[in-house]
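*Asks:* Right, I'll just put the structure down here and ask away after.
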Amino acid sequence: MDNKIKELLSQLTLEEKAGLCSGKDFWRTKPVDRLGIPSIMVSDGPSGLRTQFDNGVDENDSRPAVSFPSGCATASSFDRNLLRHLGEILGEEANNYKVSTVLGPAINIKRSPLCGRNFEYLSEDPYVSGELGAAYINGVQSKNAGTSVKHFAANNQETNRFSVSETVDERTLREIYLPGFETCVKKAAPTTIMCSYNAINGELSSQNKWLLKDVLRDEWGFKGLVMSDWGAVYDRVKGIKADLSLEMPYSGGHTDNDIVQAVKAGTLSMEELDEAVSHVLEMVMNYVEHKQDGVFDMDKDHADSAKIAEESCVLLKNDNAALPIKAPADKVLFVGTFAENPRYGGGGSSKIKCYKMTSAVDAAKEAGLSVKYVKGYNDDFETTTSALTDEAVAAARNADTVVVFAGLPESFESEGADRTTLDMPQVQNELIEKLTAVNKNVVVVLHNGAPVAMPWVDKVAAILECYLGGENIGTAQINLLFGKANPSGKLAETFPLRLEDTPCYLTYPGNGRTCIYSEGIFVGYRWYDSRKMPVLFPFGHGLSYTTFEYSNLKVSKPAFKDTDGVEVSITIKNTGSVEGKEVVQLYVSDKTGVEVRPEKELKGFDKVSLKPGESKKVTFKLDRRSFAYWNTDTGDWYAPSGKYIISVGASSRDIRATAEVDVTSSSKKAFTITPQTTMGDMLRNREMSALIKDDFEKACYAVIGDMTDEEFEAKFPFTKGAMIEMIKSNPFRSNRGRNGVTMEDILNQVEKYNQALDK
Ligand code: BGC
């Protein structure tokens, strides 16, 4: 601990220390004036700043700021540099507004498309969430502003988010819900982490020692401070012991007093309290010592917001190259209120008071494009009149291309509540159907924070998914629709055909008190691909105005030790006629058969920019973790020895090249052998099978001997094959009593096996 902090700790009174462990108000920490400890301010996050006015009167009234595309959109860019750039801009803005910490990124896994807050989150895949989350953090922190990665952990639903207990097995936590945070901690060292509201397996995150101390701090090496989500604290003293340093917002003095009383009663030690206070002091001192002046050039950031959106929109469908629009602008019809009034961000804590809005209608005007615009439906996005519909249909008859701006109104998805359906407002679906009946060139432009059902998918020519694209989405839309920019986003989540197909359909959002994650590790494409289910649009999917060819997949070595890892390269060529960017994805499939694994898992991605005719080599480095699963027996990551398939492609369902590799595990022991273990358990594992093979052969010989199949079947009521399977599935303990074998003999044998594996 640094000397300055030690000195302050020695000077602070018990009451002052306790006070530092909760907020002064909604957005600030408490000062201790007599020791020169100032109050510092935090601000939402994640896709723009929601900074309170200096007068501090209305905690929800914020200063105008630039709204950038939400997490659902920026994740679709699959572009680490872009997320870093977004972080840098936010860091500058934070410096300008004297904000110590930007409350973001929000990286919870999209377990169900119904989660009301999916718009803020990045992906259904923890590799994507971790990589892009870390890039964002590195960007913000490069400007010396702090970040708060949220919500740690398993905040995957809004229904009863303050109290629900998520029932999740450890392997699922380790493989799906925690690794995004782990990557952020290890690759970007966030200054703070925000704990979630919910409980995990019965313990609230705000007082979960396993989560905050054992895993986050001790195992991953987190050095920063854990703050609570706003109002997440229940037992403050337990929270301090669990490593929750800062409770936000203010607690009215109640929980400060709980801390004081606990220290006086001896149930909380001064060392435990000092640990928490030292993290708060570190956060404050860091800000004071390193704060920078930032320039908040709103016009520049507004322009950047459009560029970020351009990289994030996903071209889902484009039949007969309907896009980019070739027709003269005056033969193009825009339909739908979203064209005039786009949904730029989601409702709740991430809602930005926009500096300025540029809609598609505005941007078309600015670009001098004389497109015709009709509303099509009412300003509430949910109702219409026959006059509005008739006007749209009549105009569509005379247009070359009809662009319908559709999507979800805020009443359909927001922080604090989950969706109940994948459907868009009925009037919008009906309008699209009617327009396709009179015009074969209908393009749908979507504004939504999560997947929607598309009953009209086969009838429209093209679909451009814009998600919630920030305050300058209109400029991005015009550039993409008219071909000034080429779409390059890919879906960071699967669009299912039906709600009933989703992995947690039967258990989401639970009974209110608990929610059982019965689908386990099979989340998103891990579920759909393992089950070979048809989907509306697969994970990783996204089209371009050009085409890409994948060739020359190479692995640096066909066989290697897990700890050595391997390098994989592939050449990508732009085979079309315009410049474009491709998101190249690498998936790994475990073919060893040792453990239940998803059909494939994303372990690498890169975005390459290519001029027409240009080729580039993309290289991926895979390490032990790329092949490993969480082994609950050993409490560690484990990549079993054997065959794996490496697949490289343009989406999880568009694999262009594969290679088989052989991995040798650095650990011989997949699990501890007990009297309950079977020979079959050991035979499935390369190292363990080497140990048991002879014994197994002997056991088989003892029963089968040299009998032919006919002789065997005359003696036993089943086949040799079935007998061998039975020998495999006999636990060691069942040998007791056979040929005088005692339990002690069995325990000795088991111990010998374990020792051989430990060597
Ligand atoms: C949200 C957090 C947010 C905080 C402050 C909470 O309700 O869950 O994400 O940072 O409020 O606005």
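Letters A, B, ... go to the chains of the structure tokens in the order shown; residues in each chain start at 1; ligands are counted from 1 in the same order.
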Could you pull out the residues sitting within 10 Å of ligand 1, using only C-alpha atoms and all ligand atoms, and write them as a ChimeraX atom specification?

*Replies:* /A:26-27,42-46,50-51,59-60,102-106,117,120,148-151,155,158,161-162,194-197,228-232,248-249,348-351,415-416

*Asks:* With a distance cut-off of 12 Å and only C-alpha atoms, select the neighbouring residues of Thr719 (chain A), excluding the residue or stretch itself and same-chain residues fewer than 4 positions from it, and output the selection as a ChimeraX atom specification.

*Replies:* /A:704,707-715,723-726

*Asks:* Mind the document's chain letters and residue numbers, and return as a list in words the residues of region 95-257 of chain A that DSSP labels strand (DSSP E or B).

*Replies:*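 Those residues are Thr101, Val102, Leu103, Ala106, Gly146, Thr147, Ser148, Val149, Lys150, His151, Phe152, Ser165, Glu166, Thr167, Thr192, Ile193, Met194, Cys195, Ala199, Ile200, Glu203, Leu204, Leu225, Val226, Met227, Leu246 and Glu247 of chain A.
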
*Asks:* Just checking: using only C-alpha atoms, which residue out of A:Glu382, A:Asp319, A:Asp390, A:Glu595 ends up closest to Ile463 (chain A)?

*Replies:*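 Smallest separation from Ile463 (chain A) among the options: A:Asp319.
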
*Asks:* Any idea what the distance is between CA of Thr742 (chain A) and CA of Leu683 (chain A)?

*Replies:* 23.6 Å

*Asks:* Show me, as a tab-separated table, the residues of region 668-722 of chain A having an atom within 7 Å of region 746-753 of chain A, each with the closest atom pair and its distance in Å, using only C-alpha atoms.

*Replies:*
residue	atom	partner	partner_atom	distance
A:Ile673	CA	A:Val750	CA	6.1
A:Thr674	CA	A:Val750	CA	6.1
A:Pro675	CA	A:Val750	CA	6.7

*Asks:* Applying 10 Å and only C-alpha atoms, which residues near Asp423 (chain A) remain after dropping the ones on its own chain fewer than 6 positions away? List them as a list in words.

*Replies:*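 Counting only C-alpha atoms, the residues come to Gly407, Leu408, Phe412, Asn429, Pro451, Val452, Ala453, Met454, Pro455, Arg498 and Leu499 of chain A.
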
*Asks:* Store the residues of this selection in a file with all heavy atoms, as a PDB file, in the first residue's frame.

*Replies:*
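Everything below was put into selection24.pdb:
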ATOM      1  N   GLY A 407     -38.776  -0.871 -36.310  1.00  0.00           N
ATOM      2  CA  GLY A 407     -38.050  -1.322 -35.119  1.00  0.00           C
ATOM      3  C   GLY A 407     -38.877  -1.264 -33.860  1.00  0.00           C
ATOM      4  O   GLY A 407     -40.108  -1.214 -33.909  1.00  0.00           O
ATOM      5  N   LEU A 408     -38.173  -1.264 -32.746  1.00  0.00           N
ATOM      6  CA  LEU A 408     -38.851  -1.316 -31.451  1.00  0.00           C
ATOM      7  C   LEU A 408     -38.934   0.064 -30.821  1.00  0.00           C
ATOM      8  O   LEU A 408     -37.927   0.745 -30.700  1.00  0.00           O
ATOM      9  CB  LEU A 408     -38.076  -2.229 -30.493  1.00  0.00           C
ATOM     10  CG  LEU A 408     -37.960  -3.695 -30.889  1.00  0.00           C
ATOM     11  CD1 LEU A 408     -37.068  -4.439 -29.898  1.00  0.00           C
ATOM     12  CD2 LEU A 408     -39.336  -4.345 -30.953  1.00  0.00           C
ATOM     13  N   PHE A 412     -41.113  -0.953 -25.786  1.00  0.00           N
ATOM     14  CA  PHE A 412     -40.936  -2.392 -26.001  1.00  0.00           C
ATOM     15  C   PHE A 412     -39.663  -2.933 -25.367  1.00  0.00           C
ATOM     16  O   PHE A 412     -39.514  -4.141 -25.221  1.00  0.00           O
ATOM     17  CB  PHE A 412     -40.901  -2.712 -27.506  1.00  0.00           C
ATOM     18  CG  PHE A 412     -42.255  -2.930 -28.114  1.00  0.00           C
ATOM     19  CD1 PHE A 412     -43.265  -1.995 -27.948  1.00  0.00           C
ATOM     20  CD2 PHE A 412     -42.527  -4.053 -28.872  1.00  0.00           C
ATOM     21  CE1 PHE A 412     -44.521  -2.175 -28.516  1.00  0.00           C
ATOM     22  CE2 PHE A 412     -43.770  -4.253 -29.440  1.00  0.00           C
ATOM     23  CZ  PHE A 412     -44.771  -3.322 -29.266  1.00  0.00           C
ATOM     24  N   ASN A 429     -45.157  -4.400 -38.836  1.00  0.00           N
ATOM     25  CA  ASN A 429     -45.097  -5.635 -39.634  1.00  0.00           C
ATOM     26  C   ASN A 429     -46.127  -5.585 -40.765  1.00  0.00           C
ATOM     27  O   ASN A 429     -45.835  -5.960 -41.903  1.00  0.00           O
ATOM     28  CB  ASN A 429     -45.352  -6.856 -38.752  1.00  0.00           C
ATOM     29  CG  ASN A 429     -44.139  -7.203 -37.894  1.00  0.00           C
ATOM     30  OD1 ASN A 429     -43.010  -6.889 -38.268  1.00  0.00           O
ATOM     31  ND2 ASN A 429     -44.363  -7.830 -36.767  1.00  0.00           N
ATOM     32  N   PRO A 451     -32.659  -8.874 -30.977  1.00  0.00           N
ATOM     33  CA  PRO A 451     -33.328  -9.517 -32.111  1.00  0.00           C
ATOM     34  C   PRO A 451     -34.843  -9.363 -32.101  1.00  0.00           C
ATOM     35  O   PRO A 451     -35.472  -9.374 -31.040  1.00  0.00           O
ATOM     36  CB  PRO A 451     -32.950 -10.989 -31.937  1.00  0.00           C
ATOM     37  CG  PRO A 451     -31.652 -10.961 -31.223  1.00  0.00           C
ATOM     38  CD  PRO A 451     -31.734  -9.797 -30.290  1.00  0.00           C
ATOM     39  N   VAL A 452     -35.383  -9.234 -33.295  1.00  0.00           N
ATOM     40  CA  VAL A 452     -36.845  -9.184 -33.459  1.00  0.00           C
ATOM     41  C   VAL A 452     -37.247 -10.286 -34.442  1.00  0.00           C
ATOM     42  O   VAL A 452     -36.417 -10.752 -35.227  1.00  0.00           O
ATOM     43  CB  VAL A 452     -37.319  -7.819 -34.016  1.00  0.00           C
ATOM     44  CG1 VAL A 452     -37.141  -6.728 -32.976  1.00  0.00           C
ATOM     45  CG2 VAL A 452     -36.607  -7.458 -35.320  1.00  0.00           C
ATOM     46  N   ALA A 453     -38.513 -10.681 -34.385  1.00  0.00           N
ATOM     47  CA  ALA A 453     -39.039 -11.643 -35.361  1.00  0.00           C
ATOM     48  C   ALA A 453     -39.292 -10.886 -36.661  1.00  0.00           C
ATOM     49  O   ALA A 453     -39.657  -9.705 -36.640  1.00  0.00           O
ATOM     50  CB  ALA A 453     -40.325 -12.257 -34.836  1.00  0.00           C
ATOM     51  N   MET A 454     -39.089 -11.541 -37.783  1.00  0.00           N
ATOM     52  CA  MET A 454     -39.256 -10.882 -39.090  1.00  0.00           C
ATOM     53  C   MET A 454     -40.165 -11.722 -39.978  1.00  0.00           C
ATOM     54  O   MET A 454     -39.689 -12.440 -40.867  1.00  0.00           O
ATOM     55  CB  MET A 454     -37.891 -10.683 -39.756  1.00  0.00           C
ATOM     56  CG  MET A 454     -36.925  -9.886 -38.923  1.00  0.00           C
ATOM     57  SD  MET A 454     -35.361  -9.601 -39.792  1.00  0.00           S
ATOM     58  CE  MET A 454     -34.302  -9.158 -38.416  1.00  0.00           C
ATOM     59  N   PRO A 455     -41.478 -11.654 -39.739  1.00  0.00           N
ATOM     60  CA  PRO A 455     -42.388 -12.497 -40.526  1.00  0.00           C
ATOM     61  C   PRO A 455     -42.321 -12.202 -42.020  1.00  0.00           C
ATOM     62  O   PRO A 455     -42.692 -13.038 -42.833  1.00  0.00           O
ATOM     63  CB  PRO A 455     -43.771 -12.157 -39.944  1.00  0.00           C
ATOM     64  CG  PRO A 455     -43.596 -10.915 -39.147  1.00  0.00           C
ATOM     65  CD  PRO A 455     -42.170 -10.844 -38.733  1.00  0.00           C
ATOM     66  N   ARG A 498     -37.756 -18.298 -33.585  1.00  0.00           N
ATOM     67  CA  ARG A 498     -38.893 -18.201 -32.659  1.00  0.00           C
ATOM     68  C   ARG A 498     -38.356 -18.105 -31.240  1.00  0.00           C
ATOM     69  O   ARG A 498     -37.303 -18.679 -30.921  1.00  0.00           O
ATOM     70  CB  ARG A 498     -39.746 -19.466 -32.710  1.00  0.00           C
ATOM     71  CG  ARG A 498     -40.126 -19.971 -34.063  1.00  0.00           C
ATOM     72  CD  ARG A 498     -40.904 -21.265 -33.923  1.00  0.00           C
ATOM     73  NE  ARG A 498     -40.213 -22.244 -33.081  1.00  0.00           N
ATOM     74  CZ  ARG A 498     -40.822 -23.206 -32.401  1.00  0.00           C
ATOM     75  NH1 ARG A 498     -42.126 -23.332 -32.439  1.00  0.00           N
ATOM     76  NH2 ARG A 498     -40.130 -24.066 -31.680  1.00  0.00           N
ATOM     77  N   LEU A 499     -39.127 -17.484 -30.379  1.00  0.00           N
ATOM     78  CA  LEU A 499     -38.752 -17.405 -28.977  1.00  0.00           C
ATOM     79  C   LEU A 499     -38.597 -18.809 -28.389  1.00  0.00           C
ATOM     80  O   LEU A 499     -37.713 -19.083 -27.575  1.00  0.00           O
ATOM     81  CB  LEU A 499     -39.840 -16.634 -28.216  1.00  0.00           C
ATOM     82  CG  LEU A 499     -39.529 -16.283 -26.780  1.00  0.00           C
ATOM     83  CD1 LEU A 499     -38.247 -15.487 -26.699  1.00  0.00           C
ATOM     84  CD2 LEU A 499     -40.676 -15.501 -26.188  1.00  0.00           C
TER      85      LEU A 499
END

*Asks:* Residues within 9 Å of Gly510 (chain A), please, as a list in words. Count only C-alpha atoms; anything in the same chain fewer than 4 positions from it doesn't count.

*Replies:*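 The residues that qualify are Thr159, Val164, Glu166, Leu506, Thr514, Cys515 and Ile516 of chain A.
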
*Asks:* As JSON, numbers by chain, please: all residues of region 469-654 of chain A that backbone DSSP puts in alpha helix (DSSP H).

*Replies:* {"A": [473, 474, 475, 476, 477, 478, 479, 480, 481, 525, 526, 527, 528, 529, 530, 624, 625, 626, 627]}

*Asks:* Under the rule that only C-alpha atoms are counted, which of A:Asp301, A:Asp61, A:Glu311, A:Glu366 is the nearest residue to Ile352 (chain A)?

*Replies:*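 Going through A:Asp301, A:Asp61, A:Glu311, A:Glu366 one by one, the smallest distance to Ile352 (chain A) is for A:Asp61.
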